[in-house]
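What follows is work-v5.cif (mmCIF, C-alpha atoms).
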data_my_file
loop_
_atom_site.label_atom_id
_atom_site.label_comp_id
_atom_site.auth_asym_id
_atom_site.auth_seq_id
_atom_site.Cartn_x
_atom_site.Cartn_y
_atom_site.Cartn_z
CA MET A 1 122.88 95.81 69.48
CA PRO A 2 124.10 99.44 69.88
CA ALA A 3 123.85 100.90 73.41
CA ALA A 4 121.49 103.68 72.29
CA ARG A 5 119.08 101.17 70.80
CA ARG A 6 119.22 98.97 73.93
CA GLY A 7 118.44 102.03 76.08
CA ARG A 8 115.42 102.93 73.98
CA GLY A 9 114.17 99.35 74.09
CA THR A 10 114.49 99.34 77.88
CA TRP A 11 112.53 102.60 78.10
CA VAL A 12 109.76 101.24 75.88
CA LEU A 13 109.60 98.02 77.90
CA ALA A 14 109.38 100.02 81.14
CA ALA A 15 106.61 102.20 79.71
CA LEU A 16 104.59 99.18 78.65
CA TRP A 17 105.20 97.43 81.96
CA LEU A 18 104.08 100.47 83.95
CA GLY A 19 100.93 100.65 81.89
CA LEU A 20 101.47 103.88 79.98
CA ALA A 21 100.19 102.12 76.89
CA ALA A 22 96.90 101.47 78.70
CA ALA A 23 93.79 103.50 78.04
CA PRO A 24 93.75 107.09 79.26
CA ALA A 25 92.07 107.88 82.56
CA PRO A 26 89.64 110.70 81.80
CA ALA A 27 88.79 112.87 84.79
CA GLN A 28 85.11 111.96 84.47
CA ASP A 29 85.83 108.22 84.81
CA ASN A 30 87.06 108.11 88.39
CA SER A 31 87.13 104.29 88.57
CA LEU A 32 89.56 104.03 85.65
CA GLU A 33 91.72 106.81 87.14
CA LEU A 34 91.81 104.97 90.48
CA ALA A 35 92.74 101.70 88.75
CA VAL A 36 95.61 103.36 86.87
CA LYS A 37 96.91 105.02 90.05
CA ALA A 38 96.64 101.75 91.99
CA THR A 39 98.58 99.92 89.29
CA TYR A 40 101.27 102.59 89.36
CA LEU A 41 101.54 102.36 93.16
CA VAL A 42 102.16 98.62 92.97
CA ARG A 43 104.52 98.85 89.98
CA PHE A 44 106.63 101.74 91.36
CA ALA A 45 108.16 99.30 93.87
CA ALA A 46 110.09 97.42 91.17
CA PHE A 47 111.86 100.65 90.18
CA VAL A 48 112.96 101.75 93.65
CA GLU A 49 115.90 100.52 95.70
CA TRP A 50 115.55 100.70 99.48
CA PRO A 51 118.47 100.52 101.93
CA GLN A 52 118.94 96.94 103.13
CA ALA A 53 118.10 98.04 106.69
CA ALA A 54 114.59 99.05 105.56
CA PHE A 55 113.56 95.38 105.63
CA GLU A 56 113.66 93.05 108.62
CA SER A 57 114.79 90.16 106.43
CA PRO A 58 115.42 89.39 102.75
CA THR A 59 111.91 87.93 102.50
CA SER A 60 109.91 90.28 104.72
CA PRO A 61 106.95 92.05 103.12
CA LEU A 62 107.16 95.33 101.28
CA ASN A 63 104.51 97.36 103.11
CA LEU A 64 102.42 99.57 100.85
CA CYS A 65 100.48 101.83 103.22
CA ILE A 66 97.41 103.81 102.20
CA ALA A 67 96.50 106.76 104.42
CA GLY A 68 93.24 108.18 103.11
CA GLY A 69 91.73 108.58 99.71
CA ALA A 70 89.66 106.09 97.76
CA LEU A 71 92.59 103.97 96.56
CA GLY A 72 92.66 101.37 99.36
CA PRO A 73 90.43 98.62 97.95
CA VAL A 74 91.69 99.15 94.41
CA VAL A 75 95.34 98.89 95.55
CA GLU A 76 94.54 95.75 97.55
CA GLN A 77 93.20 94.15 94.37
CA ALA A 78 96.15 95.34 92.23
CA ALA A 79 98.71 94.07 94.78
CA SER A 80 97.08 90.68 95.37
CA GLY A 81 99.74 88.00 94.88
CA GLN A 82 102.38 90.53 93.78
CA ALA A 83 105.98 90.60 95.00
CA VAL A 84 109.11 92.61 94.36
CA GLY A 85 112.03 90.22 94.36
CA GLN A 86 111.50 88.07 97.44
CA HIS A 87 109.35 90.71 99.15
CA PRO A 88 105.61 90.02 98.90
CA ILE A 89 103.62 93.25 98.71
CA ALA A 90 101.40 93.76 101.76
CA VAL A 91 98.80 96.52 101.60
CA ARG A 92 98.03 98.24 104.90
CA LEU A 93 95.17 100.73 105.25
CA ILE A 94 96.18 103.18 107.98
CA ALA A 95 94.52 106.14 109.66
CA ALA A 96 97.76 108.05 110.13
CA ALA A 97 101.41 107.79 109.10
CA ALA A 98 103.99 107.71 111.87
CA HIS A 99 107.75 107.69 112.21
CA GLY A 100 108.97 104.08 112.22
CA ALA A 101 105.61 102.60 111.18
CA GLY A 102 107.25 100.18 108.74
CA CYS A 103 105.80 101.57 105.52
CA HIS A 104 108.00 101.22 102.45
CA ILE A 105 105.53 103.03 100.20
CA LEU A 106 103.04 105.52 101.63
CA PHE A 107 100.17 106.95 99.65
CA ALA A 108 99.23 110.06 101.62
CA GLY A 109 95.69 111.00 100.68
CA GLY A 110 94.73 112.69 103.92
CA THR A 111 92.42 111.31 106.60
CA SER A 112 90.21 112.78 109.29
CA GLN A 113 93.04 111.99 111.73
CA GLN A 114 95.92 113.40 109.66
CA SER A 115 96.46 115.86 106.83
CA VAL A 116 98.64 115.01 103.84
CA ASP A 117 101.28 117.52 105.01
CA THR A 118 101.42 115.97 108.50
CA ALA A 119 101.73 112.47 107.03
CA LEU A 120 104.62 113.54 104.77
CA ILE A 121 106.41 115.27 107.64
CA ALA A 122 105.96 112.17 109.87
CA VAL A 123 108.04 110.00 107.53
CA ARG A 124 110.38 112.60 106.06
CA ARG A 125 114.01 111.45 105.76
CA GLU A 126 112.95 107.82 106.28
CA PRO A 127 113.31 105.18 103.56
CA VAL A 128 109.66 105.60 102.55
CA LEU A 129 108.54 106.23 98.99
CA THR A 130 105.83 108.83 99.59
CA VAL A 131 103.20 109.24 96.90
CA THR A 132 100.61 112.00 96.70
CA ASP A 133 97.88 113.20 94.39
CA LEU A 134 98.12 116.96 94.87
CA PRO A 135 97.75 120.05 92.68
CA ALA A 136 100.83 121.81 91.33
CA ALA A 137 100.44 124.64 93.87
CA ALA A 138 100.72 122.33 96.91
CA ALA A 139 103.61 123.29 99.19
CA LEU A 140 104.49 119.70 100.15
CA LYS A 141 104.22 116.72 97.84
CA GLY A 142 105.43 113.15 97.99
CA VAL A 143 108.56 111.83 96.34
CA ILE A 144 106.12 110.93 93.57
CA ASN A 145 103.06 113.05 92.85
CA PHE A 146 100.30 112.03 90.44
CA VAL A 147 99.21 114.67 87.95
CA MET A 148 96.61 114.64 85.19
CA GLN A 149 97.80 115.72 81.74
CA ALA A 150 95.49 115.68 78.75
CA GLY A 151 93.24 113.18 80.49
CA HIS A 152 96.09 110.78 81.35
CA VAL A 153 97.52 109.92 84.75
CA ARG A 154 101.18 110.94 84.85
CA PHE A 155 103.59 111.53 87.68
CA GLU A 156 106.37 113.83 88.75
CA ILE A 157 109.34 112.74 90.88
CA ASP A 158 111.38 114.64 93.45
CA GLU A 159 114.68 112.78 93.18
CA ARG A 160 116.34 114.83 95.94
CA GLU A 161 113.61 113.98 98.43
CA ALA A 162 114.00 110.30 97.53
CA ALA A 163 117.76 110.47 98.10
CA ALA A 164 117.25 112.22 101.44
CA GLY A 165 115.34 109.13 102.57
CA GLY A 166 118.00 106.76 101.26
CA LEU A 167 115.97 105.67 98.21
CA ARG A 168 117.36 105.21 94.72
CA ILE A 169 114.96 105.53 91.84
CA SER A 170 115.70 103.69 88.60
CA SER A 171 116.58 105.77 85.58
CA GLN A 172 113.82 103.85 83.77
CA LEU A 173 111.19 105.31 86.10
CA LEU A 174 112.80 108.76 86.04
CA ALA A 175 112.58 108.70 82.24
CA LEU A 176 108.80 108.27 82.47
CA ALA A 177 108.22 111.17 84.86
CA VAL A 178 106.81 114.44 83.51
CA ASN A 179 108.92 116.49 85.92
CA ILE A 180 112.06 115.52 87.82
CA GLY A 181 113.79 117.50 90.50
CA ALA A 182 113.11 119.35 93.70
CA ARG A 183 109.68 120.94 93.96
#
Take the structure I supplied and represent it as structure tokens, if you would.
Amino acid sequence: MPAARRGRGTWVLAALWLGLAAAPAPAQDNSLELAVKATYLVRFAAFVEWPQAAFESPTSPLNLCIAGGALGPVVEQAASGQAVGQHPIAVRLIAAAAHGAGCHILFAGGTSQQSVDTALIAVRREPVLTVTDLPAAAALKGVINFVMQAGHVRFEIDEREAAAGGLRISSQLLALAVNIGAR
């Protein structure tokens, strides 16, 4: 099979696996939007490479931390029984993000104890895949930021911010992003 055709097949497989072929998440149907975002949060892990030192052992959990927002229970359901390689996914609902807290993925939704900006700053330059759900005008966003386009949940990726934390994002995931680069 020619390399170009293999590449396209990989992209299509990644799109289907991530759920882009699923139904759109209209803004008025918040439960469907939350389910799509929760699925993305769980599935992003398979497309990110963390430094080996980010895990205590080859089988220690991949900690998906949720700081604020309504995603917690939906993410817990989506992650139930899931693993990335030998790392089972453990969902942790936290009030505030902190340096060295052990999160591998952090959804920063803002809490009464901590703003989204403060959460992002707390883990900046650490091997943490930060994910936000902020408007385009926001000064700080996560490595991945959810955006709504034509009633569908999409995401943008800041590849430089990921690299600054020692994370490598798969080209398959980068190909699915609506915007790549520094924001």
Evaluate the PyMOL selection byres ((chain A and resi 124-138) around 9) and record the selected residues as a VMD selection string, following the chain and residue labels used in the document.
chain A and resid 41 45 48 50 to 51 54 99 to 100 102 to 109 116 119 to 123 139 to 147 155 161 to 167
Selected by the PyMOL selection byres ((chain A and resi 112) around 10) in the shown coordinates: which residues, as a list in words?
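For this structure, the PyMOL selection byres ((chain A and resi 112) around 10) resolves to Ala67, Gly68, Ala95, Ala96, Gly110, Thr111, Gln113, Gln114 and Ser115 of chain A.
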What is the CA of Thr39 (chain A) to CA of Thr118 (chain A) distance in Å?
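CA of Thr118 (chain A) lies 25.2 Å from CA of Thr39 (chain A).
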Quick one: apply the PyMOL selection byres ((chain A and resi 59) around 8) to the file and drop the selected residues here as JSON, numbers by chain.
{"A": [57, 58, 60, 61, 86, 87, 88]}
For a test of reading the model, state the distance in Å between CA of Arg154 (chain A) and CA of Leu176 (chain A), rounded to one decimal.
8.4 Å
May I ask which of the residues A:Ala70, A:Phe44, A:Glu56, A:Ala101 is the closest one to Ile157 (chain A), counting all atoms listed in the file?
A:Phe44
Box for region 156-171 of chain A: with edges along x, y and z, all listed atoms inside and 8 Å added on each side, what are the centre and edge lengths in Å to one decimal, as AutoDock Vina command-line options?
--center_x 112.2 --center_y 109.3 --center_z 94.1 --size_x 27.6 --size_y 27.1 --size_z 33.0
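One distance worth recording is that between CA of Gly81 (chain A) and CA of His152 (chain A), which is 26.7 Å.
All protein, DNA and RNA residues at most 7 Å from (103.2, 98.1, 101.2) are Leu62, Asn63, Leu64, Cys65, Ile89, Ala90, Val91, Arg92, Cys103, His104 and Ile105 of chain A, using all atoms listed in the file.
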What's around Ile180 (chain A) at 8 Å? Count only C-alpha atoms, leave out sequence neighbours fewer than 5 positions away in its own chain, and write the answer as a ChimeraX atom specification.
/A:156-159,174
